[in-house]
Amino acid sequence: MKLLNWLIEILIILGITIKSVEAEKHTKRQKETNVTTQVSVNEDKQFVSHMLEQKKSGEVINARENLLERKKQHKLKIQGIENRDLPKRNTNHLKEQVKKNFTDERDELFKMGIKILQKSKSQKQKAEAYMVFAKAADMGNLKAMEKMADALLFGNFGLQNITAAIQLYEFLAKEGSYKAQNALGFLSSYGIGMEYDQAKALIYYTFGSAGGSMMSQMILGYRYLSGINVLQDCETALNHYKKVADYIADKLEKNEGIPVEKVRLTERLENLSSNNEILDWDIYQYYKFLAERGDVQIQVSLGQLHLIGRKGLDQNYYKALYYFLKAAKAGSANAMAFIGKMYLEGNAAAPQNNATAFKYFSMAANKGNAIGLHGLGLLHFYGKGVPVNYAEALKYFQKAAEKGWPNAQFQLGFMYYSGSGVWKDYKLAFKYFYLASQSGQPLAIYYLAEMYATGTGVSRSCTTAVELYKGVCELGHWADKFLTAYFAYKDGDIDSSLVQYALLAEMGYEVAQSNSAFILESKRANVLQKEKIYPMALLLWNRAAVQGNAFARVKIGDYHYYGYGTKKDYQTAASHYSIAADKYHNAQAMFNLAYMYEHGLGIAKDIHLARRLYNMAAQTSPDAHVPVFLALMKLETMHLLRDILFFNFTTIWKWMTLESTLGPYWDLFMIGLIIAMLIFLLKNHHR
């Protein structure tokens with residue numbers, strides 16, 4: 001009941017936020033006008049009074065006294081003006097002080113909300129943070145308004161109200177909020193709550209990127225890379241992606257990167273709960289049980305998961321240190337190395353301590369552990385707890401790199417790239433960056449992109465640089481929406497899930513594009529009009545297919561085959577099935593293509609090629625064995641019947657075509673007949 005009251009209060013507050021801010025501004029302007037008018041009236045009255053007094057004095061006293069009087073009156077007038085202005089100055093000072101206190105209070109509220117949000121572990125605590133944001137927003141804090149608009153758009157804590165979010169974003173956009181401009185661009189590009197208008201979306205994104213929105217920069221980079229409503233331009237895409245990649249690389253160097261768990265909703269629904277990207281709660285409890293029973297490998301794994309907050313688990317330094325210490329006590333070199341890493345970087349559970357880090361790194365290195373060797377290399381490279389010694393650092397990095405540790409490979413590449421303690425050697429730098437990038441080391445990918453973008457040590461390639469920069473950009477903090485969108489989908493909050501996936505899809509994430517299309521075609525979302533669902537899903541499947549998603553390529557074929565969101569076009573369907581079959585060896589595409597060859601749909605009829613594709617589908621996927629068997633039985637039976645009817649019988653039988661005798665569904669009839677014959681034979685065999 002409390003939560004419901006809280007939700008209602010939030011919506012009421014948001015409903016009056018804009019009006020209250022505008023009313024405050026109007027009242028302020030009205031008061032200033034009244035004060036100015038009052039001062040003007042007082043001045044007029046004093047001026048008239050002064051003139052009358054002068055006239056009376058001139059009749060009584062002589063010219064000299066009149067002159068002295070004038071000087072005196074002039075002095076008094078100046079003093080009067082000063083005395084009159086004193087209350088005005090005091091009033092203005094009080095107003096400024098009240099305004100300053102009001103501003104300070106709302107800013108403090110916003111900061112308090114951020115602190116609560118950062119420290120929150122439960123939904124209830126996060127809800128408290130948004131309650132604070134709502135109060136700050138009600139007082140006119142623009143950043144708090146942005147937070148509340150996001151909550152309304154994405155449906156945080158069940159607060160989704162897209163109409164209210166748009167109203168708030170439009171107000172914020174007028175105030176110069178680049179986040180609001182980015183959000184309005186996104187909503188315009190999908191037609192969610194707004195008119196579908198790609199031109200307007202592009203304008204919003206342009207203003208958002210100019211204001212400093214990294215998300216707008218990334219969206220524009222993807223649009224210029226793919227030629228979405230703009231002319232395809234690799235160099236422009238490179239400029240946009242580089243700005244975002246520079247921002248992300250700076251965060252990564254400070255160890256502020258986040259893990260990205262991308263769950264594909266196109267997988268079988270029964271596998272979602274046991275998805276490799278998300279750790280099921282029951283499995284987590286089982287792992288905890290094994291860890292407490294002394295399973296060292298599980299202890300290290302749980303420590304790593306809690307250290308960076310992966311697979312749906314919250315980041316928890318205390319739990320991470322707890323598991324690492326248990327494993328280290330049992331002799332795990334990896335655990336020792338991770339404890340050293342925690343003390344080197346410093347956190348709430350393990351305050352920064354170079355001596356302790358050196359101790360644990362040394363213990364791990366003595367056991368030949370690559371992470372420990374890399375840690376000692378870092379201490380010598382940066383001079384933490386020991387003097388800077390590039391030679392020692394190089395030695396440790398080389399030993400760790402030989403054992404395949406990607407972070408050490410990156411450090412070696414960086415030393416040769418920057419000439420730190422060694423002669424600059426771009427070829428060696430490229431070699432080590434490339435090795436590290438194969439394991440997904442993000443900074444190695446970034447420096448490879450830098451080399452390709454500038455032609456340093458390698459032939460310049462805009463396309464390669466953009467693809468590498470894009471990979472780095474996708475590690476941004478916005479990627480945490482993958483988790484919230486997935487959990488919203490599991491909880492049945494389809495609209496919230498769709499909006500979050502759709503934003504990520506707009507930024508160029510292939511997994512988000514296929515997930516958004518999947519949700520749209522399920523017809524469970526209500527944020528788009530029904531007639532727009534299939535065309536938008538087809539658009540998203542197209543974007544995912546261009547990025548190498550074989551399943552999406554098959555879906556495009558299906559949409560053209562059945563006429564979903566487009567006209568029926570067997571030829572186009574066959575071309576997409578061919579791409580999926582030839583390039584990705586997709587069994588479903590092979591089967592569909594075989595069926596089209598069998599019946600001559602959009603392509604020339606070819607029974608032999610159909611037979612071959614059916615067999616290839618069965619060899620590619622075990623799941624295709626049964627449908628392929630039935631399809632081949634039907635094909636061979638019908639082929640045999642046609643041979644008999646058209647080549648071996650007399651001319652009396654030539655008029656008897658299958659469709660005229662068995663009707664338009666003769667192929668289904670034959671499949672049923674074959675199945676009946678198989679059942680009959682199996683029963684006789686068992687007898």
# chains A, B, ... in the order shown; residues from 1 in each chain; ligands from 1

call {"tool": "closest_atom_pairs", "arguments": {"of": "stretch 448-497 of chain A", "to": "stretch 206-225 of chain A", "cutoff": "12 Å", "atoms": "only C-alpha atoms", "output": "CSV"}}
result
residue,atom,partner,partner_atom,distance
A:Cys462,CA,A:Leu225,CA,10.3
A:Thr463,CA,A:Leu225,CA,8.6
A:Thr464,CA,A:Leu225,CA,11.4
A:Ala465,CA,A:Leu225,CA,11.4
A:Val466,CA,A:Leu225,CA,8.0
A:Glu467,CA,A:Leu225,CA,9.1
A:Tyr469,CA,A:Gly221,CA,10.0
A:Lys470,CA,A:Met218,CA,8.2
A:Gly471,CA,A:Met218,CA,11.2
A:Val472,CA,A:Met218,CA,10.9
A:Cys473,CA,A:Met218,CA,7.4
A:Glu474,CA,A:Met218,CA,9.0
A:Leu475,CA,A:Met218,CA,11.7
A:Gly476,CA,A:Met214,CA,9.2
A:His477,CA,A:Met215,CA,10.2
A:Trp478,CA,A:Met215,CA,8.1
A:Ala479,CA,A:Met215,CA,10.8

call {"tool": "residues_around", "arguments": {"residues": "A:Leu109", "least_positions_apart": "6", "cutoff": "9 Å", "atoms": "only C-alpha atoms", "output": "list in words"}}
result
Val132, Phe133, Lys135, Ala136 and Ala144 of chain A

call {"tool": "closest_atom_pairs", "arguments": {"of": "stretch 470-580 of chain A", "to": "stretch 162-182 of chain A", "cutoff": "12 Å", "atoms": "only C-alpha atoms", "output": "Markdown table"}}
result
| residue | atom | partner | partner_atom | distance |
| --- | --- | --- | --- | --- |
| A:Asp495 | CA | A:Ile162 | CA | 10.3 |
| A:Ser496 | CA | A:Ile162 | CA | 10.1 |
| A:Val499 | CA | A:Ile162 | CA | 10.0 |
| A:Leu503 | CA | A:Asn182 | CA | 10.1 |
| A:Glu506 | CA | A:Asn182 | CA | 11.0 |
| A:Met507 | CA | A:Asn182 | CA | 11.1 |
| A:Asn526 | CA | A:Ile162 | CA | 11.3 |
| A:Val527 | CA | A:Ile162 | CA | 8.6 |
| A:Leu528 | CA | A:Ile162 | CA | 11.5 |

call {"tool": "write_last_selection", "arguments": {"atoms": "C-alpha atoms", "output": "tab-separated table (two decimals), in the first residue's frame"}}
result
chain	number	residue	atom	x	y	z
A	495	ASP	CA	6.68	-2.38	-22.53
A	496	SER	CA	9.50	-1.39	-20.18
A	499	VAL	CA	11.74	0.61	-24.66
A	503	LEU	CA	17.19	2.51	-27.17
A	506	GLU	CA	19.17	2.63	-31.81
A	507	MET	CA	22.74	2.86	-30.52
A	526	ASN	CA	1.52	-1.76	-26.34
A	527	VAL	CA	3.84	1.20	-26.96
A	528	LEU	CA	3.42	1.01	-30.76

call {"tool": "residues_around", "arguments": {"residues": "stretch 443-446 of chain A", "least_positions_apart": "3", "cutoff": "7 Å", "atoms": "only C-alpha atoms", "output": "compact mmCIF listing (two decimals) with all heavy atoms, in the first residue's frame"}}
result
# COMPACT_ATOMS: atom_id res chain seq x y z
N ALA A 249 37.47 4.86 -22.89
CA ALA A 249 38.85 4.44 -22.58
C ALA A 249 39.35 5.12 -21.31
O ALA A 249 40.04 4.49 -20.50
CB ALA A 249 39.76 4.77 -23.76
N PHE A 410 48.50 -6.43 -23.24
CA PHE A 410 48.19 -5.03 -23.51
C PHE A 410 49.28 -4.12 -22.97
O PHE A 410 49.70 -3.16 -23.64
CB PHE A 410 46.84 -4.65 -22.88
CG PHE A 410 46.68 -3.17 -22.72
CD1 PHE A 410 46.48 -2.36 -23.84
CD2 PHE A 410 46.78 -2.56 -21.47
CE1 PHE A 410 46.36 -0.98 -23.70
CE2 PHE A 410 46.66 -1.20 -21.33
CZ PHE A 410 46.45 -0.40 -22.44
N PHE A 433 48.89 -5.71 -28.95
CA PHE A 433 47.51 -5.22 -28.89
C PHE A 433 46.57 -6.22 -29.54
O PHE A 433 45.47 -6.48 -29.03
CB PHE A 433 47.39 -3.86 -29.59
CG PHE A 433 47.94 -2.70 -28.80
CD1 PHE A 433 48.48 -1.59 -29.46
CD2 PHE A 433 47.92 -2.70 -27.42
CE1 PHE A 433 48.98 -0.52 -28.75
CE2 PHE A 433 48.44 -1.63 -26.69
CZ PHE A 433 48.97 -0.53 -27.36
N ALA A 436 46.05 -9.28 -27.32
CA ALA A 436 45.17 -8.98 -26.18
C ALA A 436 43.73 -8.78 -26.64
O ALA A 436 42.78 -9.17 -25.95
CB ALA A 436 45.66 -7.72 -25.46
N SER A 437 43.56 -8.19 -27.82
CA SER A 437 42.20 -7.93 -28.33
C SER A 437 41.45 -9.22 -28.62
O SER A 437 40.22 -9.26 -28.56
CB SER A 437 42.26 -7.06 -29.58
OG SER A 437 42.78 -7.80 -30.67
N ALA A 449 42.28 0.49 -32.61
CA ALA A 449 41.46 1.44 -33.37
C ALA A 449 42.23 2.72 -33.63
O ALA A 449 42.17 3.28 -34.74
CB ALA A 449 40.16 1.74 -32.60
N GLU A 450 42.97 3.19 -32.62
CA GLU A 450 43.78 4.40 -32.78
C GLU A 450 44.81 4.21 -33.88
O GLU A 450 45.04 5.11 -34.70
CB GLU A 450 44.49 4.74 -31.46
CG GLU A 450 43.57 5.19 -30.36
CD GLU A 450 43.21 6.67 -30.48
OE1 GLU A 450 44.01 7.51 -30.07
OE2 GLU A 450 42.12 6.96 -31.01
N LEU A 468 36.28 -1.23 -34.61
CA LEU A 468 36.96 -1.39 -33.32
C LEU A 468 36.48 -0.36 -32.31
O LEU A 468 36.23 -0.69 -31.14
CB LEU A 468 38.47 -1.28 -33.52
CG LEU A 468 39.13 -2.44 -34.28
CD1 LEU A 468 40.56 -2.09 -34.67
CD2 LEU A 468 39.12 -3.71 -33.45
N TYR A 469 36.36 0.89 -32.74
CA TYR A 469 35.84 1.93 -31.84
C TYR A 469 34.43 1.57 -31.37
O TYR A 469 34.09 1.77 -30.20
CB TYR A 469 35.79 3.28 -32.56
CG TYR A 469 37.09 4.05 -32.57
CD1 TYR A 469 37.52 4.71 -33.72
CD2 TYR A 469 37.88 4.16 -31.42
CE1 TYR A 469 38.70 5.45 -33.73
CE2 TYR A 469 39.06 4.89 -31.41
CZ TYR A 469 39.46 5.53 -32.58
OH TYR A 469 40.64 6.25 -32.58
N VAL A 472 34.45 -0.73 -28.48
CA VAL A 472 34.80 -0.06 -27.22
C VAL A 472 33.60 0.73 -26.71
O VAL A 472 33.29 0.70 -25.51
CB VAL A 472 36.02 0.87 -27.42
CG1 VAL A 472 36.32 1.64 -26.14
CG2 VAL A 472 37.24 0.08 -27.86

call {"tool": "residues_around", "arguments": {"residues": "A:Gln571", "least_positions_apart": "6", "cutoff": "8 Å", "atoms": "only C-alpha atoms", "output": "mmCIF file with C-alpha atoms, in the first residue's frame"}}
result
data_model
loop_
_atom_site.group_PDB
_atom_site.id
_atom_site.type_symbol
_atom_site.label_atom_id
_atom_site.label_comp_id
_atom_site.auth_asym_id
_atom_site.auth_seq_id
_atom_site.Cartn_x
_atom_site.Cartn_y
_atom_site.Cartn_z
ATOM 1 C CA LEU A 601 8.607 -20.567 -55.449
ATOM 2 C CA GLY A 602 10.518 -17.475 -56.560
ATOM 3 C CA ILE A 603 13.239 -19.644 -58.088
#

call {"tool": "residues_around", "arguments": {"residues": "stretch 548-555 of chain A", "least_positions_apart": "5", "cutoff": "10 Å", "atoms": "only C-alpha atoms", "output": "count of residues only"}}
result
33

call {"tool": "select_by_dssp", "arguments": {"residues": "stretch 104-306 of chain A", "states": "helix (DSSP H, G or I)", "output": "VMD selection string"}}
result
chain A and resid 104 to 119 123 to 138 142 to 154 156 to 158 162 to 174 178 to 190 198 to 211 214 to 226 234 to 253 269 to 272 281 to 292 296 to 306
